[in-house]
Amino acid sequence: MKKNDMLTLIGFIVAWGLVAYGIVVGGGALKLYVDLPSIAITGGGSIGALLISYPMKDIKILGKVFMEAFKEDTTSKKDIVVLFTTLSRKARKEGLLSLEDDISGIKDPFTKKALSMVVDGVEPEAIKEIMALEIDQLSVRHGQGSAMLKSLGAYAPAMGMTGTLIGLIQMLGNMTDSDALAKGMGAALITTFYGSLIANIMAIPVAQKLDLKTELEVGNMEMIVEGVIAIQSGANPRVIEDKLVAYLSPTEKEAFKAEAGAAGAE
């Protein structure tokens, strides 16, 4: 299950807000930083470069990929430990078929698929192979989205520099016209500014956030596979719990032990 990632939104607001604040406090009017030809060169040129680099099926999902940075998976590793410890106890007492009712209540499709194969009697090696393929394909899909944003982060400054060169050419071609000289200098600088903003406050940070989310999601999926195989093998619930707790960070381990101790005291 996913919820809104407020930290990403706050980061965007802080970054863009402070840029605007610096412009205004520095004595500049915001309208000085709006130039349609420069937007066309930097923004349009960057999009054009993406169209050259990637197939249309990938370009179509770029907006969806971008918005994934604003979503956060609410499933924690502690939740996974609790789930599989509980399921392993039930499976050990009542058998693997008793898990069918529990599976129907699980929302995560990856967990549901893996446990369903266990109940259906699929061999452990086959389960590992199938779920490993699922993990690999997820990494590939997420990697493609992240790569597009990283490409955009590289193209935008380059197109900004292209705009700078155009502005300099215009400026040097009208050395006797002071108005044209000022206009050319403005165009030369503003495109570099746009390219820097697109790269450093949009494309690159979002790509890094997506890479981090993918790493966390893959870690959870590998943990789930470990738990599923342990349940299928009939391992002791305590052994399964200890094995999955090893995936937790030191802070998560302390929190899990505290919660387990509180539950035991009740």
# chains A, B, ... in the order shown; residues from 1 in each chain; ligands from 1
>>> closest_atom_pairs(of="region 106-205 of chain A", to="region 228-236 of chain A", cutoff="10 Å", atoms="only C-alpha atoms", output="Markdown table")
| residue | atom | partner | partner_atom | distance |
| --- | --- | --- | --- | --- |
| A:Thr111 | CA | A:Val228 | CA | 8.3 |
| A:Ala114 | CA | A:Val228 | CA | 6.7 |
| A:Leu115 | CA | A:Val228 | CA | 6.3 |
| A:Ser116 | CA | A:Val228 | CA | 9.8 |
| A:Met117 | CA | A:Val228 | CA | 9.5 |
| A:Val118 | CA | A:Gln232 | CA | 6.2 |
| A:Val119 | CA | A:Gln232 | CA | 8.5 |
| A:Gly121 | CA | A:Gln232 | CA | 8.8 |
| A:Val122 | CA | A:Gln232 | CA | 9.6 |
| A:Glu123 | CA | A:Gln232 | CA | 9.1 |
| A:Pro124 | CA | A:Ile229 | CA | 6.3 |
| A:Glu125 | CA | A:Ile229 | CA | 9.0 |
| A:Ile127 | CA | A:Ile229 | CA | 8.0 |
| A:Lys128 | CA | A:Ile229 | CA | 7.9 |
>>> write_last_selection(atoms="all heavy atoms", output="short mmCIF file (atom, residue, chain, number, x, y, z; two decimals), in the first residue's frame")
data_model
loop_
_atom_site.label_atom_id
_atom_site.label_comp_id
_atom_site.auth_asym_id
_atom_site.auth_seq_id
_atom_site.Cartn_x
_atom_site.Cartn_y
_atom_site.Cartn_z
N THR A 111 3.48 -10.73 -2.50
CA THR A 111 3.36 -11.66 -1.37
C THR A 111 2.26 -12.69 -1.62
O THR A 111 2.44 -13.89 -1.35
CB THR A 111 3.04 -10.89 -0.07
OG1 THR A 111 4.02 -9.86 0.12
CG2 THR A 111 3.03 -11.80 1.13
N ALA A 114 3.41 -15.36 -4.17
CA ALA A 114 4.40 -16.30 -3.63
C ALA A 114 3.74 -17.30 -2.68
O ALA A 114 3.98 -18.51 -2.75
CB ALA A 114 5.50 -15.53 -2.91
N LEU A 115 2.88 -16.81 -1.79
CA LEU A 115 2.21 -17.70 -0.84
C LEU A 115 1.22 -18.63 -1.54
O LEU A 115 1.05 -19.79 -1.13
CB LEU A 115 1.49 -16.87 0.23
CG LEU A 115 2.40 -16.19 1.26
CD1 LEU A 115 1.59 -15.23 2.12
CD2 LEU A 115 3.09 -17.23 2.14
N SER A 116 0.58 -18.14 -2.58
CA SER A 116 -0.36 -18.98 -3.33
C SER A 116 0.35 -20.16 -3.96
O SER A 116 -0.18 -21.28 -4.00
CB SER A 116 -1.06 -18.16 -4.41
OG SER A 116 -1.88 -17.16 -3.83
N MET A 117 1.56 -19.94 -4.45
CA MET A 117 2.33 -21.03 -5.03
C MET A 117 2.72 -22.06 -3.97
O MET A 117 2.78 -23.26 -4.24
CB MET A 117 3.58 -20.49 -5.74
CG MET A 117 3.27 -19.79 -7.06
SD MET A 117 4.74 -19.45 -8.06
CE MET A 117 5.49 -18.15 -7.09
N VAL A 118 2.98 -21.58 -2.76
CA VAL A 118 3.29 -22.50 -1.66
C VAL A 118 2.09 -23.39 -1.37
O VAL A 118 2.21 -24.62 -1.26
CB VAL A 118 3.68 -21.71 -0.39
CG1 VAL A 118 3.72 -22.66 0.81
CG2 VAL A 118 5.03 -21.04 -0.57
N VAL A 119 0.91 -22.79 -1.26
CA VAL A 119 -0.32 -23.54 -0.99
C VAL A 119 -0.63 -24.52 -2.12
O VAL A 119 -1.14 -25.62 -1.89
CB VAL A 119 -1.51 -22.57 -0.77
CG1 VAL A 119 -2.82 -23.35 -0.66
CG2 VAL A 119 -1.29 -21.74 0.51
N GLY A 121 1.48 -26.10 -3.81
CA GLY A 121 2.46 -27.18 -3.84
C GLY A 121 3.56 -27.02 -4.86
O GLY A 121 4.20 -28.01 -5.24
N VAL A 122 3.83 -25.80 -5.31
CA VAL A 122 4.92 -25.56 -6.27
C VAL A 122 6.26 -25.79 -5.57
O VAL A 122 6.44 -25.44 -4.40
CB VAL A 122 4.85 -24.11 -6.82
CG1 VAL A 122 5.99 -23.85 -7.80
CG2 VAL A 122 3.51 -23.88 -7.49
N GLU A 123 7.20 -26.37 -6.30
CA GLU A 123 8.51 -26.68 -5.73
C GLU A 123 9.24 -25.41 -5.30
O GLU A 123 9.13 -24.37 -5.96
CB GLU A 123 9.36 -27.43 -6.76
CG GLU A 123 8.88 -28.83 -7.07
CD GLU A 123 8.96 -29.74 -5.84
OE1 GLU A 123 9.94 -29.62 -5.08
OE2 GLU A 123 8.03 -30.55 -5.65
N PRO A 124 10.02 -25.46 -4.20
CA PRO A 124 10.75 -24.28 -3.71
C PRO A 124 11.64 -23.62 -4.75
O PRO A 124 11.68 -22.39 -4.86
CB PRO A 124 11.57 -24.83 -2.55
CG PRO A 124 10.83 -26.04 -2.10
CD PRO A 124 10.21 -26.63 -3.33
N GLU A 125 12.35 -24.44 -5.52
CA GLU A 125 13.26 -23.86 -6.52
C GLU A 125 12.48 -23.11 -7.60
O GLU A 125 12.93 -22.08 -8.10
CB GLU A 125 14.12 -24.98 -7.16
CG GLU A 125 15.17 -25.56 -6.23
CD GLU A 125 16.10 -24.48 -5.67
OE1 GLU A 125 16.52 -23.60 -6.45
OE2 GLU A 125 16.38 -24.52 -4.47
N ILE A 127 9.58 -21.65 -7.15
CA ILE A 127 9.10 -20.40 -6.53
C ILE A 127 10.22 -19.36 -6.52
O ILE A 127 10.01 -18.19 -6.88
CB ILE A 127 8.61 -20.66 -5.09
CG1 ILE A 127 7.37 -21.55 -5.12
CG2 ILE A 127 8.30 -19.34 -4.38
CD1 ILE A 127 6.86 -21.94 -3.74
N LYS A 128 11.41 -19.78 -6.11
CA LYS A 128 12.54 -18.85 -6.08
C LYS A 128 12.82 -18.28 -7.47
O LYS A 128 13.06 -17.08 -7.63
CB LYS A 128 13.80 -19.58 -5.57
CG LYS A 128 13.85 -19.81 -4.08
CD LYS A 128 15.18 -20.44 -3.70
CE LYS A 128 15.29 -20.66 -2.20
NZ LYS A 128 16.59 -21.27 -1.83
#
>>> residues_around(residues="region 13-29 of chain A", least_positions_apart="3", cutoff="12 Å", atoms="only C-alpha atoms", output="mmCIF file with C-alpha atoms, in the first residue's frame")
data_model
loop_
_atom_site.group_PDB
_atom_site.id
_atom_site.type_symbol
_atom_site.label_atom_id
_atom_site.label_comp_id
_atom_site.auth_asym_id
_atom_site.auth_seq_id
_atom_site.Cartn_x
_atom_site.Cartn_y
_atom_site.Cartn_z
ATOM 1 C CA MET A 6 5.404 14.456 1.874
ATOM 2 C CA LEU A 7 9.194 14.763 2.093
ATOM 3 C CA THR A 8 9.525 14.898 -1.692
ATOM 4 C CA LEU A 9 6.800 17.538 -1.911
ATOM 5 C CA ILE A 10 8.401 19.573 0.873
ATOM 6 C CA LEU A 32 12.965 39.105 -15.984
ATOM 7 C CA TYR A 33 13.380 35.356 -15.592
ATOM 8 C CA VAL A 34 10.602 34.441 -18.022
ATOM 9 C CA PHE A 193 19.557 29.121 -15.654
ATOM 10 C CA TYR A 194 16.626 27.068 -16.973
ATOM 11 C CA SER A 196 20.305 24.154 -14.214
ATOM 12 C CA LEU A 197 16.837 24.287 -12.622
ATOM 13 C CA ILE A 198 15.470 21.405 -14.692
ATOM 14 C CA ASN A 200 19.146 20.036 -10.281
ATOM 15 C CA ILE A 201 15.678 20.657 -8.833
ATOM 16 C CA MET A 202 13.670 18.254 -10.979
ATOM 17 C CA PRO A 205 16.809 14.485 -7.509
#
>>> closest_residue(among="A:Pro37, A:Thr42, A:Gly227, A:Glu215", to="Ala199 (chain A)", atoms="only C-alpha atoms")
A:Thr42
>>> residues_around(residues="Val65 (chain A)", least_positions_apart="6", cutoff="9 Å", atoms="only C-alpha atoms", output="list in words")
His142, Gly145, Ser146, Leu149 and Leu210 of chain A
>>> closest_residue(among="A:Ala158, A:Thr74, A:Ala147, A:Asp136", to="Leu62 (chain A)", atoms="only C-alpha atoms")
A:Ala147
>>> closest_atom_pairs(of="region 95-171 of chain A", to="region 81-86 of chain A", cutoff="12 Å", atoms="only C-alpha atoms", output="CSV")
residue,atom,partner,partner_atom,distance
A:Leu99,CA,A:Thr86,CA,10.5
A:Asp102,CA,A:Leu83,CA,10.0
A:Ile103,CA,A:Leu83,CA,10.9
A:Gly105,CA,A:Leu83,CA,11.7
A:Ile106,CA,A:Leu83,CA,9.8
A:Asp108,CA,A:Leu83,CA,11.9
A:Thr111,CA,A:Phe84,CA,10.2
A:Lys112,CA,A:Leu83,CA,12.0
A:Leu115,CA,A:Phe84,CA,10.3
>>> select_by_dssp(residues="region 28-210 of chain A", states="alpha helix (DSSP H)", output="MDAnalysis selection string")
chainID A and resid 36:39 45:53 56:59 62:67 77:94 100:104 109:119 124:172 178:198 204:210
>>> residues_around(residues="Ala132 (chain A)", least_positions_apart="4", cutoff="12 Å", atoms="only C-alpha atoms", output="list in words")
Phe110, Ala114, Glu125, Ala126, Ile127, Lys128, Asp136, Gln137, Leu138, Ser139, Val218, Gly219, Met221, Glu222, Met223, Ile224, Val225 and Glu226 of chain A
>>> closest_residue(among="A:Thr214, A:Ile41, A:Ala91, A:Asn4", to="Gly167 (chain A)", atoms="only C-alpha atoms")
A:Ile41
>>> closest_residue(among="A:Lys78, A:Lys107, A:Lys209, A:Arg141", to="Thr251 (chain A)", atoms="only C-alpha atoms")
A:Lys78
>>> closest_residue(among="A:Lys31, A:Lys3, A:Lys77, A:Lys60", to="Leu216 (chain A)", atoms="only C-alpha atoms")
A:Lys77
>>> closest_residue(among="A:Pro109, A:Ser46, A:Met67, A:Ser76", to="Gly160 (chain A)", atoms="only C-alpha atoms")
A:Ser46
